[in-house]
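What follows is a single structure, written as structure tokens, with notes after it.
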Amino acid sequence: QVQLVESGGGLVQAGESLRLSCAASGSIFSITSMGWYRQAPGNQRELVAALPNGGSTKYAASVKGRFTISRDNVKNTMYLQMNSLKPEDTAVYFCNAHGWYSQEYDSWGQGTQVTVSS
């Protein structure tokens, strides 16, 4: 399957920007879609942005126009550029890879904390 390692989280003020990175290793060829999810305390994990292979990007309504998902296939790295951050964006952000390798799978990174102060 695939191993994922996130980086780039931190503490910023409202209105500032951060870029998250997700480095993938292992059976990269088996990935069919990658995405970013987030989970705030007391809330369920929610989709932030998705990037299917050969498909259109998808964004949660709350981040559309502010966040941009991208992928560098040479570096096997996915990014989430987050601009105009708001306190409600505070959460642990997780990288996800979905694919097929003898069976369908979902791989998750360890998560990276993003905190936005007002």
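Chain labels run A, B, ... following the order of the structure tokens; each chain numbers its residues from 1, and ligands are numbered from 1 in the order shown.
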
(message) Residues within 10 Å of Phe94 in chain A, please, as a VMD selection string. Count only C-alpha atoms; anything in the same chain fewer than 2 positions from it doesn't count.
(response) chain A and resid 4 to 7 20 22 35 to 39 45 to 48 91 to 92 96 108 to 113

C-alpha atoms of the current selection, written as a CSV table (one decimal), in the first residue's frame:
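Written output follows (again-v8.csv):
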```csv
chain,number,residue,atom,x,y,z
A,4,LEU,CA,1.9,9.1,4.0
A,5,VAL,CA,3.7,11.8,6.0
A,6,GLU,CA,2.3,15.3,6.5
A,7,SER,CA,4.2,18.4,7.3
A,20,LEU,CA,0.7,21.6,4.0
A,22,CYS,CA,2.0,15.1,2.2
A,35,GLY,CA,-7.2,14.2,-0.6
A,36,TRP,CA,-7.0,16.3,2.6
A,37,TYR,CA,-9.4,15.9,5.5
A,38,ARG,CA,-9.6,17.7,8.8
A,39,GLN,CA,-11.0,17.0,12.3
A,45,ARG,CA,-13.5,14.1,10.2
A,46,GLU,CA,-14.5,16.0,7.1
A,47,LEU,CA,-13.3,16.3,3.5
A,48,VAL,CA,-11.5,19.5,2.8
A,91,ALA,CA,-8.1,21.4,13.2
A,92,VAL,CA,-5.8,18.4,12.7
A,96,ASN,CA,-5.5,10.5,2.5
A,108,TRP,CA,-3.9,8.0,6.3
A,109,GLY,CA,-1.0,10.2,7.5
A,110,GLN,CA,-0.4,10.9,11.1
A,111,GLY,CA,-2.0,14.3,10.9
A,112,THR,CA,-0.7,17.9,11.4
A,113,GLN,CA,-2.1,20.5,13.6
```

(message) Residues within 10 Å of Leu18 in chain A, please, as a PyMOL selection string. Count only C-alpha atoms; anything in the same chain fewer than 5 positions from it doesn't count.
(response) chain A and resi 8-12+67+80-85+114

Keeping only N, CA and C atoms, write the selected residues as a PDB file, in the first residue's frame.
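part.pdb was written with the following content:
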```pdb
ATOM      1  N   GLY A   8       4.015  20.821   7.722  1.00  0.00           N
ATOM      2  CA  GLY A   8       3.644  22.183   7.368  1.00  0.00           C
ATOM      3  C   GLY A   8       2.615  22.836   8.263  1.00  0.00           C
ATOM      4  N   GLY A   9       2.089  22.117   9.235  1.00  0.00           N
ATOM      5  CA  GLY A   9       1.128  22.742  10.127  1.00  0.00           C
ATOM      6  C   GLY A   9       1.792  23.752  11.046  1.00  0.00           C
ATOM      7  N   GLY A  10       0.968  24.469  11.807  1.00  0.00           N
ATOM      8  CA  GLY A  10       1.518  25.436  12.736  1.00  0.00           C
ATOM      9  C   GLY A  10       0.459  26.378  13.263  1.00  0.00           C
ATOM     10  N   LEU A  11       0.925  27.418  13.929  1.00  0.00           N
ATOM     11  CA  LEU A  11       0.061  28.440  14.515  1.00  0.00           C
ATOM     12  C   LEU A  11       0.207  29.725  13.711  1.00  0.00           C
ATOM     13  N   VAL A  12      -0.919  30.226  13.199  1.00  0.00           N
ATOM     14  CA  VAL A  12      -0.907  31.465  12.438  1.00  0.00           C
ATOM     15  C   VAL A  12      -2.059  32.338  12.907  1.00  0.00           C
ATOM     16  N   PHE A  67      -8.557  27.705  -0.409  1.00  0.00           N
ATOM     17  CA  PHE A  67      -7.611  26.590  -0.381  1.00  0.00           C
ATOM     18  C   PHE A  67      -7.414  26.049  -1.793  1.00  0.00           C
ATOM     19  N   LEU A  80      -1.489  21.334   0.089  1.00  0.00           N
ATOM     20  CA  LEU A  80      -2.710  22.101   0.339  1.00  0.00           C
ATOM     21  C   LEU A  80      -2.283  23.519   0.688  1.00  0.00           C
ATOM     22  N   GLN A  81      -2.481  24.427  -0.238  1.00  0.00           N
ATOM     23  CA  GLN A  81      -2.205  25.837   0.004  1.00  0.00           C
ATOM     24  C   GLN A  81      -3.434  26.455   0.638  1.00  0.00           C
ATOM     25  N   MET A  82      -3.253  26.996   1.825  1.00  0.00           N
ATOM     26  CA  MET A  82      -4.379  27.555   2.580  1.00  0.00           C
ATOM     27  C   MET A  82      -4.151  29.055   2.754  1.00  0.00           C
ATOM     28  N   ASN A  83      -5.013  29.853   2.146  1.00  0.00           N
ATOM     29  CA  ASN A  83      -4.924  31.305   2.240  1.00  0.00           C
ATOM     30  C   ASN A  83      -6.121  31.851   3.026  1.00  0.00           C
ATOM     31  N   SER A  84      -5.966  33.083   3.477  1.00  0.00           N
ATOM     32  CA  SER A  84      -7.050  33.751   4.211  1.00  0.00           C
ATOM     33  C   SER A  84      -7.619  32.854   5.309  1.00  0.00           C
ATOM     34  N   LEU A  85      -6.734  32.305   6.109  1.00  0.00           N
ATOM     35  CA  LEU A  85      -7.162  31.359   7.138  1.00  0.00           C
ATOM     36  C   LEU A  85      -8.058  32.019   8.173  1.00  0.00           C
ATOM     37  N   VAL A 114      -3.181  22.455  12.659  1.00  0.00           N
ATOM     38  CA  VAL A 114      -3.267  23.827  12.166  1.00  0.00           C
ATOM     39  C   VAL A 114      -4.107  24.616  13.164  1.00  0.00           C
TER      40      VAL A 114
END
```

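For chain A, the set of residues given helix (DSSP H, G or I) by DSSP on the backbone reads Ile28, Phe29, Ser30, Pro87, Glu88 and Asp89 of chain A.
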
Include all heavy atoms and write out the residues we just selected as a PDB file, in the first residue's frame.
```
ATOM      1  N   ILE A  28       2.913   3.749  -5.035  1.00  0.00           N
ATOM      2  CA  ILE A  28       2.321   4.989  -5.546  1.00  0.00           C
ATOM      3  C   ILE A  28       1.404   4.709  -6.733  1.00  0.00           C
ATOM      4  O   ILE A  28       0.348   5.336  -6.887  1.00  0.00           O
ATOM      5  CB  ILE A  28       3.413   5.985  -5.961  1.00  0.00           C
ATOM      6  CG1 ILE A  28       4.395   6.231  -4.818  1.00  0.00           C
ATOM      7  CG2 ILE A  28       2.793   7.300  -6.438  1.00  0.00           C
ATOM      8  CD1 ILE A  28       3.808   6.897  -3.623  1.00  0.00           C
ATOM      9  N   PHE A  29       1.785   3.751  -7.567  1.00  0.00           N
ATOM     10  CA  PHE A  29       1.035   3.439  -8.777  1.00  0.00           C
ATOM     11  C   PHE A  29      -0.395   2.997  -8.469  1.00  0.00           C
ATOM     12  O   PHE A  29      -1.270   3.056  -9.319  1.00  0.00           O
ATOM     13  CB  PHE A  29       1.745   2.335  -9.570  1.00  0.00           C
ATOM     14  CG  PHE A  29       1.834   1.033  -8.822  1.00  0.00           C
ATOM     15  CD1 PHE A  29       0.815   0.090  -8.901  1.00  0.00           C
ATOM     16  CD2 PHE A  29       2.922   0.756  -8.012  1.00  0.00           C
ATOM     17  CE1 PHE A  29       0.886  -1.098  -8.202  1.00  0.00           C
ATOM     18  CE2 PHE A  29       3.007  -0.435  -7.313  1.00  0.00           C
ATOM     19  CZ  PHE A  29       1.974  -1.356  -7.401  1.00  0.00           C
ATOM     20  N   SER A  30      -0.629   2.532  -7.243  1.00  0.00           N
ATOM     21  CA  SER A  30      -1.944   1.992  -6.903  1.00  0.00           C
ATOM     22  C   SER A  30      -2.940   3.077  -6.473  1.00  0.00           C
ATOM     23  O   SER A  30      -4.122   2.801  -6.308  1.00  0.00           O
ATOM     24  CB  SER A  30      -1.801   0.967  -5.769  1.00  0.00           C
ATOM     25  OG  SER A  30      -1.420   1.604  -4.563  1.00  0.00           O
ATOM     26  N   PRO A  87     -10.248  31.345  12.074  1.00  0.00           N
ATOM     27  CA  PRO A  87     -10.196  30.518  13.293  1.00  0.00           C
ATOM     28  C   PRO A  87     -10.945  29.198  13.143  1.00  0.00           C
ATOM     29  O   PRO A  87     -10.528  28.182  13.716  1.00  0.00           O
ATOM     30  CB  PRO A  87     -10.849  31.425  14.339  1.00  0.00           C
ATOM     31  CG  PRO A  87     -10.549  32.808  13.875  1.00  0.00           C
ATOM     32  CD  PRO A  87     -10.621  32.735  12.370  1.00  0.00           C
ATOM     33  N   GLU A  88     -12.013  29.186  12.357  1.00  0.00           N
ATOM     34  CA  GLU A  88     -12.783  27.948  12.175  1.00  0.00           C
ATOM     35  C   GLU A  88     -12.058  26.918  11.322  1.00  0.00           C
ATOM     36  O   GLU A  88     -12.528  25.789  11.187  1.00  0.00           O
ATOM     37  CB  GLU A  88     -14.172  28.238  11.583  1.00  0.00           C
ATOM     38  CG  GLU A  88     -14.157  29.112  10.359  1.00  0.00           C
ATOM     39  CD  GLU A  88     -14.419  30.575  10.680  1.00  0.00           C
ATOM     40  OE1 GLU A  88     -13.854  31.091  11.675  1.00  0.00           O
ATOM     41  OE2 GLU A  88     -15.185  31.216   9.923  1.00  0.00           O
ATOM     42  N   ASP A  89     -10.919  27.277  10.755  1.00  0.00           N
ATOM     43  CA  ASP A  89     -10.088  26.305  10.028  1.00  0.00           C
ATOM     44  C   ASP A  89      -9.193  25.511  10.986  1.00  0.00           C
ATOM     45  O   ASP A  89      -8.506  24.576  10.563  1.00  0.00           O
ATOM     46  CB  ASP A  89      -9.203  27.011   9.000  1.00  0.00           C
ATOM     47  CG  ASP A  89     -10.006  27.658   7.875  1.00  0.00           C
ATOM     48  OD1 ASP A  89     -10.956  27.029   7.400  1.00  0.00           O
ATOM     49  OD2 ASP A  89      -9.660  28.796   7.496  1.00  0.00           O
TER      50      ASP A  89
END
```

(message) So that I can check the secondary structure, give me every residue of chain A assigned strand (DSSP E) by backbone DSSP, as a count of residues only.
(response) 70

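Taking only C-alpha atoms into account, Ala97 in chain A lies nearest to A:Ile31 out of the set A:Val116, A:Ala23, A:Ile31, A:Ala14.
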
(message) Would you compute the distance between CA of Leu51 in chain A and CA of Tyr101 in chain A? Give it in Å to one decimal.
(response)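 Going from CA of Leu51 in chain A over to CA of Tyr101 in chain A covers 18.9 Å.
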
(message) Using only C-alpha atoms, can you tell me which of A:Thr68, A:Gly26, A:Ser21, A:Val74 comes closest to Gln3 in chain A?
(response)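 Using only C-alpha atoms, Gln3 in chain A sits closest to A:Gly26.
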
(request) Might you pull out every residue within 10 Å of Thr32 in chain A, with only C-alpha atoms counted and same-chain residues fewer than 4 positions away left off, and present them as a list in words? (result)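 After dropping sequence-adjacent residues, the list is Ile28, Leu51, Pro52, Asn53, Gly54, Gly55, Ala97, His98, Gly99, Trp100 and Glu104 of chain A.
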
(message) Between A:Met78, A:Arg66, A:Ser33, A:Ala40, which residue has the minimum interatomic distance to Thr115 in chain A, considering only C-alpha atoms?
(response) A:Ala40

(request) Go through A:Arg19, A:Ala50, A:Gly65, A:Thr57 and flag the residue nearest Met34 in chain A, using only C-alpha atoms for the distances. (result)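 Of A:Arg19, A:Ala50, A:Gly65, A:Thr57, the one nearest Met34 in chain A, counting only C-alpha atoms, is A:Ala50.
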